file query_31.txt (compact mmCIF, C-alpha atoms)
# COMPACT_ATOMS: atom_id res chain seq x y z
CA MET A 211 0.00 0.00 0.00
CA LYS A 212 1.01 3.60 -0.48
CA PHE A 213 0.67 6.65 1.73
CA GLY A 214 0.33 10.16 0.27
CA VAL A 215 1.36 13.08 2.46
CA ILE A 216 0.22 16.56 1.41
CA ARG A 217 2.69 19.44 1.40
CA PHE A 218 1.21 22.92 1.62
CA PRO A 219 3.31 26.07 1.66
CA GLY A 220 3.91 26.38 5.41
CA SER A 221 3.63 22.67 6.25
CA CYS A 222 6.45 21.63 8.55
CA ASP A 223 5.74 18.05 9.64
CA GLU A 224 5.18 16.47 6.25
CA VAL A 225 8.62 14.86 6.08
CA ASP A 226 8.30 13.33 9.55
CA ALA A 227 4.87 12.01 8.55
CA GLN A 228 6.34 10.61 5.33
CA LEU A 229 9.17 8.92 7.23
CA ALA A 230 6.79 7.48 9.83
CA ALA A 231 4.49 6.16 7.10
CA ALA A 232 7.44 4.70 5.19
CA ARG A 233 8.55 2.91 8.36
CA VAL A 234 5.35 0.87 8.41
CA ALA A 235 4.44 0.70 4.72
CA GLY A 236 7.61 1.24 2.76
CA ASP A 237 5.97 3.60 0.29
CA ALA A 238 5.05 7.18 1.11
CA GLU A 239 4.99 10.06 -1.35
CA LEU A 240 4.66 13.79 -0.86
CA LEU A 241 1.68 15.35 -2.64
CA TRP A 242 1.92 18.96 -3.77
CA HIS A 243 -0.96 21.21 -2.68
CA ALA A 244 -1.51 22.61 -6.20
CA ASP A 245 -1.69 19.16 -7.81
CA ARG A 246 -5.11 17.51 -7.88
CA ASP A 247 -3.56 14.09 -8.51
CA LEU A 248 -3.25 11.91 -5.41
CA HIS A 249 -0.70 9.75 -7.28
CA GLY A 250 -2.43 6.49 -6.40
CA ALA A 251 -2.26 6.93 -2.62
CA ASP A 252 -4.31 4.41 -0.64
CA ALA A 253 -4.32 6.67 2.43
CA VAL A 254 -3.85 10.43 2.62
CA ILE A 255 -2.18 12.30 5.46
CA VAL A 256 -2.81 16.01 5.96
CA PRO A 257 0.21 16.98 8.05
CA GLY A 258 1.04 19.55 10.70
CA GLY A 259 2.42 23.01 10.21
CA PHE A 260 1.04 26.40 9.32
CA SER A 261 -0.51 26.00 5.89
CA TYR A 262 -0.39 29.25 3.91
CA GLY A 263 0.79 30.89 7.13
CA ASP A 264 -2.61 30.36 8.80
CA TYR A 265 -2.92 34.13 8.72
CA LEU A 266 -6.70 34.27 8.75
CA ARG A 267 -7.62 31.22 10.83
CA ALA A 268 -5.86 27.89 11.17
CA GLY A 269 -6.69 25.76 8.12
CA ALA A 270 -9.01 28.33 6.57
CA ILE A 271 -7.04 28.89 3.37
CA ALA A 272 -5.66 25.38 2.90
CA ARG A 273 -9.10 23.92 2.52
CA PHE A 274 -9.37 25.70 -0.85
CA ALA A 275 -6.15 24.11 -2.16
CA PRO A 276 -6.65 22.14 -5.41
CA VAL A 277 -5.44 18.94 -3.72
CA MET A 278 -8.20 19.25 -1.10
CA GLU A 279 -10.88 18.81 -3.78
CA SER A 280 -9.33 15.44 -4.54
CA VAL A 281 -9.04 14.62 -0.84
CA ALA A 282 -12.75 15.36 -0.36
CA ALA A 283 -13.64 13.11 -3.31
CA PHE A 284 -11.28 10.40 -2.03
CA ALA A 285 -12.88 10.59 1.44
CA ALA A 286 -16.39 10.48 -0.04
CA GLU A 287 -15.48 7.14 -1.63
CA GLY A 288 -14.35 5.78 1.73
CA GLY A 289 -10.64 6.48 1.32
CA PRO A 290 -8.89 6.89 4.69
CA VAL A 291 -7.69 10.41 5.53
CA LEU A 292 -5.59 11.24 8.61
CA GLY A 293 -5.23 14.87 9.71
CA ILE A 294 -2.55 15.71 12.23
CA CYS A 295 -2.56 19.05 14.08
CA ASN A 296 -2.84 21.63 11.27
CA GLY A 297 -4.22 18.78 9.17
CA PHE A 298 -6.97 18.30 11.79
CA GLN A 299 -7.73 22.04 11.58
CA VAL A 300 -7.83 21.89 7.78
CA LEU A 301 -10.22 18.90 7.80
CA CYS A 302 -12.54 20.69 10.26
CA GLU A 303 -12.49 23.86 8.14
CA ALA A 304 -13.20 21.75 5.06
CA GLY A 305 -16.24 20.22 6.74
CA LEU A 306 -14.75 16.72 6.50
CA LEU A 307 -14.70 16.51 10.29
CA PRO A 308 -17.18 17.92 12.81
CA GLY A 309 -16.28 20.78 15.14
CA ALA A 310 -13.50 23.34 15.15
CA LEU A 311 -10.20 24.11 16.84
CA LEU A 312 -9.94 27.27 18.95
CA GLY A 313 -7.00 28.96 20.61
CA ASN A 314 -5.59 27.10 23.61
CA THR A 315 -7.25 28.32 26.82
CA GLY A 316 -3.77 29.05 28.19
CA LEU A 317 -3.16 31.39 25.20
CA ARG A 318 0.31 29.95 24.75
CA PHE A 319 1.93 27.76 22.19
CA LEU A 320 2.38 24.43 23.94
CA CYS A 321 5.00 21.85 23.12
CA ARG A 322 5.17 18.78 25.31
CA GLN A 323 4.54 15.07 25.61
CA VAL A 324 0.87 14.30 26.39
CA GLU A 325 -0.75 11.11 27.59
CA LEU A 326 -3.70 9.91 25.54
CA GLU A 327 -6.27 7.20 26.14
CA VAL A 328 -7.62 5.13 23.30
CA GLU A 329 -11.38 5.26 23.58
CA THR A 330 -12.34 3.45 20.38
CA ALA A 331 -10.01 0.81 18.97
CA ASP A 332 -12.02 -0.88 16.22
CA THR A 333 -11.26 1.83 13.65
CA PRO A 334 -8.90 2.20 10.65
CA PHE A 335 -6.73 4.53 12.75
CA THR A 336 -6.58 2.77 16.11
CA ARG A 337 -7.00 -0.93 15.35
CA ALA A 338 -3.41 -1.67 16.42
CA CYS A 339 -4.31 -0.34 19.92
CA GLN A 340 -6.35 -1.72 22.78
CA GLU A 341 -9.31 0.18 24.18
CA GLY A 342 -8.17 2.04 27.28
CA GLU A 343 -4.53 1.81 26.23
CA ARG A 344 -2.37 4.83 26.95
CA LEU A 345 -0.30 6.46 24.22
CA SER A 346 2.46 8.94 24.95
CA ILE A 347 2.70 11.35 22.04
CA PRO A 348 3.98 14.93 21.75
CA ALA A 349 1.65 17.85 21.12
CA LYS A 350 2.77 21.24 19.84
CA HIS A 351 0.21 23.84 18.91
CA MET A 352 -1.38 27.19 19.63
CA THR A 353 -4.87 26.41 18.31
CA GLY A 354 -5.78 23.00 19.66
CA ARG A 355 -8.91 23.50 21.78
CA TYR A 356 -11.42 21.15 20.22
CA TRP A 357 -14.92 22.58 20.28
CA ALA A 358 -18.29 21.50 18.95
CA PRO A 359 -21.85 22.26 20.09
CA GLU A 360 -22.99 20.11 23.03
CA ALA A 361 -25.47 18.21 20.85
CA THR A 362 -22.68 17.38 18.39
CA LEU A 363 -20.43 16.21 21.22
CA ASP A 364 -23.22 13.92 22.46
CA GLU A 365 -23.59 12.50 18.95
CA LEU A 366 -19.84 11.96 18.57
CA GLU A 367 -19.80 9.99 21.80
CA ALA A 368 -22.94 8.00 20.95
CA ASN A 369 -21.51 7.12 17.48
CA ARG A 370 -18.11 6.21 18.94
CA GLN A 371 -16.37 8.91 16.91
CA VAL A 372 -14.16 9.97 19.80
CA LEU A 373 -11.09 7.83 19.17
CA LEU A 374 -8.63 9.48 21.54
CA ARG A 375 -8.98 11.55 24.69
CA TYR A 376 -6.37 13.27 26.78
CA ALA A 377 -5.85 11.14 29.89
CA PRO A 378 -7.42 12.54 33.09
CA GLY A 379 -5.58 15.70 34.12
CA GLU A 380 -3.63 15.82 30.83
CA ASN A 381 -5.87 18.09 28.72
CA PRO A 382 -3.31 20.68 27.57
CA ASN A 383 -5.52 23.11 25.65
CA GLY A 384 -9.04 23.16 27.11
CA SER A 385 -10.55 20.77 24.56
CA ALA A 386 -14.21 19.94 25.12
CA ARG A 387 -14.63 16.65 27.02
CA ASP A 388 -10.85 16.07 26.81
CA ILE A 389 -11.19 15.13 23.14
CA ALA A 390 -7.83 14.69 21.41
CA GLY A 391 -9.01 13.03 18.19
CA VAL A 392 -12.32 12.49 16.37
CA SER A 393 -13.48 10.76 13.23
CA ASN A 394 -16.27 11.56 10.80
CA ALA A 395 -19.52 9.60 11.00
CA ALA A 396 -18.39 7.16 8.29
CA GLY A 397 -15.21 6.49 10.26
CA ASN A 398 -12.74 6.97 7.39
CA VAL A 399 -11.58 10.51 8.22
CA PHE A 400 -9.74 11.12 11.48
CA GLY A 401 -8.07 14.15 12.97
CA LEU A 402 -5.99 14.58 16.11
CA MET A 403 -3.94 17.39 17.61
CA PRO A 404 -0.97 15.37 18.99
CA HIS A 405 1.73 14.23 16.57
CA PRO A 406 2.05 10.45 16.19
CA GLU A 407 4.72 11.00 13.51
CA HIS A 408 7.00 12.43 16.19
CA ALA A 409 6.66 9.32 18.37
CA VAL A 410 8.11 6.57 16.19
CA GLU A 411 11.62 6.16 17.59
CA GLU A 412 12.88 5.14 21.05
CA LEU A 413 15.59 7.77 20.72
CA THR A 414 12.97 10.52 21.11
CA GLY A 415 11.13 8.84 23.98
CA SER A 416 8.18 6.92 22.56
CA THR A 417 7.17 4.71 19.67
CA ASP A 418 3.45 4.85 20.50
CA GLY A 419 2.71 6.97 17.44
CA LEU A 420 3.63 4.07 15.17
CA LYS A 421 0.40 2.34 16.17
CA ILE A 422 -1.64 4.95 14.31
CA PHE A 423 0.38 4.37 11.13
CA GLN A 424 0.32 0.58 11.58
CA SER A 425 -3.45 0.69 12.02
CA LEU A 426 -3.85 2.65 8.82
CA ARG A 427 -1.51 0.31 6.93
CA ASP A 428 -3.41 -2.77 8.10
CA HIS A 429 -6.72 -1.16 7.19
CA CYS A 430 -5.48 -0.31 3.69
CA ASP A 431 -3.96 -3.76 3.15
CA GLU A 432 -7.30 -5.27 4.08
CA ARG A 433 -9.21 -2.83 1.88
CA LEU A 434 -6.94 -3.56 -1.08
CA ALA A 435 -7.28 -7.31 -0.62
CA VAL A 436 -11.05 -7.17 -1.00
CA MET B 58 -17.19 50.67 -1.20
CA ARG B 59 -14.95 50.46 1.84
CA ALA B 60 -16.33 47.91 4.28
CA ARG B 61 -15.40 46.66 7.67
CA VAL B 62 -16.30 43.29 9.09
CA LEU B 63 -16.03 42.45 12.77
CA ILE B 64 -15.60 38.79 13.65
CA ARG B 65 -16.07 37.68 17.22
CA PRO B 66 -16.35 34.38 19.07
CA LYS B 67 -19.95 33.22 19.36
CA ALA B 68 -21.69 33.81 22.67
CA GLY B 69 -21.08 30.96 25.07
CA ILE B 70 -17.68 30.01 23.65
CA LEU B 71 -14.86 30.64 26.06
CA ASP B 72 -12.81 33.66 24.97
CA PRO B 73 -9.55 33.53 26.94
CA GLN B 74 -8.17 36.61 25.18
CA GLY B 75 -11.16 38.68 26.24
CA GLN B 76 -10.99 37.23 29.74
CA THR B 77 -7.33 38.11 30.11
CA VAL B 78 -7.96 41.72 29.13
CA GLU B 79 -10.97 41.88 31.45
CA ARG B 80 -8.95 40.59 34.39
CA ALA B 81 -6.14 43.05 33.73
CA LEU B 82 -8.32 46.15 33.84
CA PRO B 83 -9.15 46.23 37.60
CA ALA B 84 -5.43 46.03 38.37
CA LEU B 85 -5.04 49.31 36.49
CA GLY B 86 -7.88 50.92 38.40
CA PHE B 87 -10.60 50.43 35.78
CA GLY B 88 -13.45 48.77 37.63
CA GLY B 89 -16.90 48.08 36.25
CA VAL B 90 -15.76 46.67 32.90
CA SER B 91 -17.29 43.41 31.78
CA ARG B 92 -18.09 41.28 28.71
CA VAL B 93 -14.74 42.05 27.07
CA HIS B 94 -14.07 40.32 23.76
CA VAL B 95 -11.07 40.60 21.51
CA VAL B 96 -12.40 40.54 17.96
CA ARG B 97 -10.90 40.50 14.50
CA LEU B 98 -11.46 43.43 12.15
CA VAL B 99 -11.23 42.95 8.39
CA GLU B 100 -11.26 46.04 6.18
CA LEU B 101 -11.88 45.66 2.48
CA ASP B 102 -12.87 47.51 -0.68
CA VAL B 103 -15.76 45.69 -2.27
CA GLU B 104 -17.52 46.55 -5.52
CA ASP B 105 -20.75 44.84 -4.57
CA PRO B 106 -21.53 45.12 -0.84
CA ALA B 107 -24.34 42.61 -1.30
CA THR B 108 -21.68 39.90 -1.59
CA LEU B 109 -20.29 40.67 1.88
CA PRO B 110 -22.38 38.06 3.74
CA GLN B 111 -21.20 35.39 1.29
CA ILE B 112 -17.60 36.56 1.65
CA CYS B 113 -17.95 36.30 5.41
CA GLU B 114 -19.48 32.86 5.37
CA ALA B 115 -17.16 31.43 2.72
CA LEU B 116 -13.91 32.63 4.19
CA LEU B 117 -13.65 35.40 6.75
CA CYS B 118 -15.70 33.71 9.44
CA ASN B 119 -16.10 30.13 10.64
CA THR B 120 -19.79 30.37 11.46
CA LEU B 121 -19.63 27.35 13.74
CA ILE B 122 -17.54 29.26 16.25
CA GLU B 123 -17.69 32.92 15.17
CA GLU B 124 -20.28 35.52 14.25
CA TYR B 125 -19.71 38.46 11.97
CA GLU B 126 -21.02 42.00 11.85
CA ILE B 127 -20.81 44.11 8.73
CA LEU B 128 -20.47 47.76 9.64
CA ALA B 129 -22.86 50.04 7.79
CA GLU B 130 -21.66 52.76 5.44
CA ASP B 131 -22.73 55.59 7.71
CA VAL B 132 -20.55 54.16 10.47
CA LEU B 133 -17.62 54.13 8.08
CA ALA B 134 -18.33 57.68 6.94
CA ALA B 135 -17.97 58.98 10.50
CA PRO B 136 -14.60 60.61 11.23
CA ALA B 137 -12.13 58.29 12.89
call {"tool": "encode", "arguments": {"input": "query_31.txt", "output": "structure tokens"}}
result
Amino acid sequence: MKFGVIRFPGSCDEVDAQLAAARVAGDAELLWHADRDLHGADAVIVPGGFSYGDYLRAGAIARFAPVMESVAAFAAEGGPVLGICNGFQVLCEAGLLPGALLGNTGLRFLCRQVELEVETADTPFTRACQEGERLSIPAKHMTGRYWAPEATLDELEANRQVLLRYAPGENPNGSARDIAGVSNAAGNVFGLMPHPEHAVEELTGSTDGLKIFQSLRDHCDERLAV
Amino acid sequence: MRARVLIRPKAGILDPQGQTVERALPALGFGGVSRVHVVRLVELDVEDPATLPQICEALLCNTLIEEYEILAEDVLAAPA
């Protein structure tokens, strides 16, 4: 299987995402924001960074990038899409994920390891994890406070779309109900604020992030086999 | 036409920027100030002001979390 990782002007984590994906799948290609062709990717990663400078609102401009039209079409056909940090913001702005990301309640850029709990494990993005398992993954952002109307939050929980929560006492940004990562209703689009691509090597403290990439690889292998 | 659009967090959504300013004011001797919000102001020349709501909803404002206010021409005509 093949991963495609989008590169916008202002992306900064696309190479780490590419390397993490290549670790589990062997094949990961960067996709240019102005190119509508997804180059045969079986899974698309929208990476972290500051797309187009995020001058207006995080993710607000990137959602109009030519490549995002193809990502929306790919997602509509059930193709798996993973948004990390800025990628999560872009997917929310694009309406591919519910809710929005607001400025951290602490008003500061935060950059630290956070502890996550896997809430839903039978998904394309978390199937290599156990429910209740803890993942230690770094987070680094200014605009990471997940917010959605109360009724939407109730729906997300009822539909098991909350895949990851910050562990009790770990919520770094004021996210509603400690939500760290949510999927769309169909379950094939997932966004999270922490950076699994930065937690793939013992040298930097944790390899827990690999499980997200392994999950996605296994899901794609299975999807391709059908 | 010169237009100005104010974009503010929707009521009920925590606004830590506004809160921080509000908390700072009493320390400087300004009591009796409440409901402070830090908002974004976008100024633009627009040929057809009727398109402003669409411009706001398509790009300037995320209507899930923000509300916008288009300032009327007479407000803009007033001396700064």
call {"tool": "closest_residue", "arguments": {"input": "query_31.txt", "among": "A:Gly379, A:Gly309, A:Gly259, A:Gly297", "to": "A:Asn394", "atoms": "only C-alpha atoms"}}
result
A:Gly309
call {"tool": "interface_residues", "arguments": {"input": "query_31.txt", "of": "chain A", "to": "chain B", "cutoff": "10 Å", "atoms": "only C-alpha atoms", "output": "JSON list (two decimals) with C-alpha atoms, in the coordinates of the input"}}
result
[["chain", "number", "residue", "atom", "x", "y", "z"],
["A", 266, "LEU", "CA", -6.70, 34.27, 8.75],
["A", 267, "ARG", "CA", -7.62, 31.22, 10.83],
["A", 270, "ALA", "CA", -9.01, 28.33, 6.57],
["A", 271, "ILE", "CA", -7.04, 28.89, 3.37],
["A", 274, "PHE", "CA", -9.37, 25.70, -0.85],
["A", 303, "GLU", "CA", -12.49, 23.86, 8.14],
["A", 308, "PRO", "CA", -17.18, 17.92, 12.81],
["A", 309, "GLY", "CA", -16.28, 20.78, 15.14],
["A", 310, "ALA", "CA", -13.50, 23.34, 15.15],
["A", 311, "LEU", "CA", -10.20, 24.11, 16.84],
["A", 312, "LEU", "CA", -9.94, 27.27, 18.95],
["A", 313, "GLY", "CA", -7.00, 28.96, 20.61],
["A", 314, "ASN", "CA", -5.59, 27.10, 23.61],
["A", 315, "THR", "CA", -7.25, 28.32, 26.82],
["A", 316, "GLY", "CA", -3.77, 29.05, 28.19],
["A", 317, "LEU", "CA", -3.16, 31.39, 25.20],
["A", 357, "TRP", "CA", -14.92, 22.58, 20.28],
["A", 358, "ALA", "CA", -18.29, 21.50, 18.95],
["A", 359, "PRO", "CA", -21.85, 22.26, 20.09],
["A", 384, "GLY", "CA", -9.04, 23.16, 27.11]]
call {"tool": "atom_distance", "arguments": {"input": "query_31.txt", "atom1": "atom CA of B:Cys113", "atom2": "atom CA of B:Tyr125"}}
result
7.1 Å
call {"tool": "residues_around", "arguments": {"input": "query_31.txt", "residues": "A:His243", "least_positions_apart": "3", "cutoff": "9 Å", "atoms": "all atoms listed in the file", "output": "PyMOL selection string"}}
result
chain A and resi 216-219+246+272+275-278
call {"tool": "write_last_selection", "arguments": {"input": "query_31.txt", "atoms": "C-alpha atoms", "output": "PDB file, keeping the file's coordinate frame"}}
result
ATOM      1  CA  ILE A 216       0.220  16.560   1.410  1.00  0.00           C
ATOM      2  CA  ARG A 217       2.690  19.440   1.400  1.00  0.00           C
ATOM      3  CA  PHE A 218       1.210  22.920   1.620  1.00  0.00           C
ATOM      4  CA  PRO A 219       3.310  26.070   1.660  1.00  0.00           C
ATOM      5  CA  ARG A 246      -5.110  17.510  -7.880  1.00  0.00           C
ATOM      6  CA  ALA A 272      -5.660  25.380   2.900  1.00  0.00           C
ATOM      7  CA  ALA A 275      -6.150  24.110  -2.160  1.00  0.00           C
ATOM      8  CA  PRO A 276      -6.650  22.140  -5.410  1.00  0.00           C
ATOM      9  CA  VAL A 277      -5.440  18.940  -3.720  1.00  0.00           C
ATOM     10  CA  MET A 278      -8.200  19.250  -1.100  1.00  0.00           C
TER      11      MET A 278
END
call {"tool": "closest_residue", "arguments": {"input": "query_31.txt", "among": "A:Ala435, A:Val328, A:Ala338, A:Ile422", "to": "A:Ile389", "atoms": "all atoms listed in the file"}}
result
A:Val328
call {"tool": "residues_around", "arguments": {"input": "query_31.txt", "residues": "A:Glu287", "least_positions_apart": "4", "cutoff": "12 Å", "atoms": "only C-alpha atoms", "output": "list in words"}}
result
Asp252, Ala253, Ser280, Val281, Ala282, Ala283, Val291, Ala396, Gly397, Asn398 and Val399 of chain A
call {"tool": "residues_around", "arguments": {"input": "query_31.txt", "residues": "B:Val103", "least_positions_apart": "2", "cutoff": "7 Å", "atoms": "all atoms listed in the file", "output": "list in words"}}
result
Met58, Arg59, Ala60, Leu101, Asp105 and Pro106 of chain B
call {"tool": "residues_around", "arguments": {"input": "query_31.txt", "residues": "A:Cys339", "least_positions_apart": "6", "cutoff": "12 Å", "atoms": "all atoms listed in the file", "output": "PyMOL selection string"}}
result
chain A and resi 326-333+345+373-374+418-426
call {"tool": "write_last_selection", "arguments": {"input": "query_31.txt", "atoms": "C-alpha atoms", "output": "short mmCIF file (atom, residue, chain, number, x, y, z; two decimals), keeping the file's coordinate frame"}}
result
data_model
loop_
_atom_site.label_atom_id
_atom_site.label_comp_id
_atom_site.auth_asym_id
_atom_site.auth_seq_id
_atom_site.Cartn_x
_atom_site.Cartn_y
_atom_site.Cartn_z
CA LEU A 326 -3.70 9.91 25.54
CA GLU A 327 -6.27 7.20 26.14
CA VAL A 328 -7.62 5.13 23.30
CA GLU A 329 -11.38 5.26 23.58
CA THR A 330 -12.34 3.45 20.38
CA ALA A 331 -10.01 0.81 18.97
CA ASP A 332 -12.02 -0.88 16.22
CA THR A 333 -11.26 1.83 13.65
CA LEU A 345 -0.30 6.46 24.22
CA LEU A 373 -11.09 7.83 19.17
CA LEU A 374 -8.63 9.48 21.54
CA ASP A 418 3.45 4.85 20.50
CA GLY A 419 2.71 6.97 17.44
CA LEU A 420 3.63 4.07 15.17
CA LYS A 421 0.40 2.34 16.17
CA ILE A 422 -1.64 4.95 14.31
CA PHE A 423 0.38 4.37 11.13
CA GLN A 424 0.32 0.58 11.58
CA SER A 425 -3.45 0.69 12.02
CA LEU A 426 -3.85 2.65 8.82
#
call {"tool": "atom_distance", "arguments": {"input": "query_31.txt", "atom1": "atom CA of B:Val78", "atom2": "atom CA of A:Cys321"}}
result
24.5 Å
call {"tool": "residues_around", "arguments": {"input": "query_31.txt", "residues": "A:His249", "least_positions_apart": "5", "cutoff": "12 Å", "atoms": "all atoms listed in the file", "output": "number ranges by chain"}}
result
A: 212-216, 237-242, 254, 277, 280-281, 284
call {"tool": "decode", "arguments": {"input": "query_31.txt", "residues": "stretch 279-306 of chain A", "atoms": "C-alpha atoms", "output": "PDB file, in the first residue's frame"}}
result
ATOM      1  CA  GLU A 279     -10.880  18.811  -3.780  1.00  0.00           C
ATOM      2  CA  SER A 280      -9.331  15.440  -4.538  1.00  0.00           C
ATOM      3  CA  VAL A 281      -9.041  14.618  -0.840  1.00  0.00           C
ATOM      4  CA  ALA A 282     -12.754  15.361  -0.359  1.00  0.00           C
ATOM      5  CA  ALA A 283     -13.644  13.113  -3.309  1.00  0.00           C
ATOM      6  CA  PHE A 284     -11.278  10.403  -2.027  1.00  0.00           C
ATOM      7  CA  ALA A 285     -12.884  10.594   1.444  1.00  0.00           C
ATOM      8  CA  ALA A 286     -16.395  10.475  -0.035  1.00  0.00           C
ATOM      9  CA  GLU A 287     -15.480   7.139  -1.630  1.00  0.00           C
ATOM     10  CA  GLY A 288     -14.346   5.779   1.730  1.00  0.00           C
ATOM     11  CA  GLY A 289     -10.638   6.477   1.321  1.00  0.00           C
ATOM     12  CA  PRO A 290      -8.890   6.893   4.685  1.00  0.00           C
ATOM     13  CA  VAL A 291      -7.685  10.405   5.534  1.00  0.00           C
ATOM     14  CA  LEU A 292      -5.585  11.235   8.606  1.00  0.00           C
ATOM     15  CA  GLY A 293      -5.232  14.867   9.707  1.00  0.00           C
ATOM     16  CA  ILE A 294      -2.546  15.706  12.228  1.00  0.00           C
ATOM     17  CA  CYS A 295      -2.560  19.045  14.077  1.00  0.00           C
ATOM     18  CA  ASN A 296      -2.838  21.627  11.270  1.00  0.00           C
ATOM     19  CA  GLY A 297      -4.220  18.781   9.169  1.00  0.00           C
ATOM     20  CA  PHE A 298      -6.973  18.304  11.788  1.00  0.00           C
ATOM     21  CA  GLN A 299      -7.726  22.036  11.580  1.00  0.00           C
ATOM     22  CA  VAL A 300      -7.826  21.886   7.775  1.00  0.00           C
ATOM     23  CA  LEU A 301     -10.217  18.902   7.796  1.00  0.00           C
ATOM     24  CA  CYS A 302     -12.540  20.686  10.256  1.00  0.00           C
ATOM     25  CA  GLU A 303     -12.495  23.858   8.142  1.00  0.00           C
ATOM     26  CA  ALA A 304     -13.204  21.753   5.056  1.00  0.00           C
ATOM     27  CA  GLY A 305     -16.239  20.218   6.741  1.00  0.00           C
ATOM     28  CA  LEU A 306     -14.746  16.723   6.495  1.00  0.00           C
TER      29      LEU A 306
END
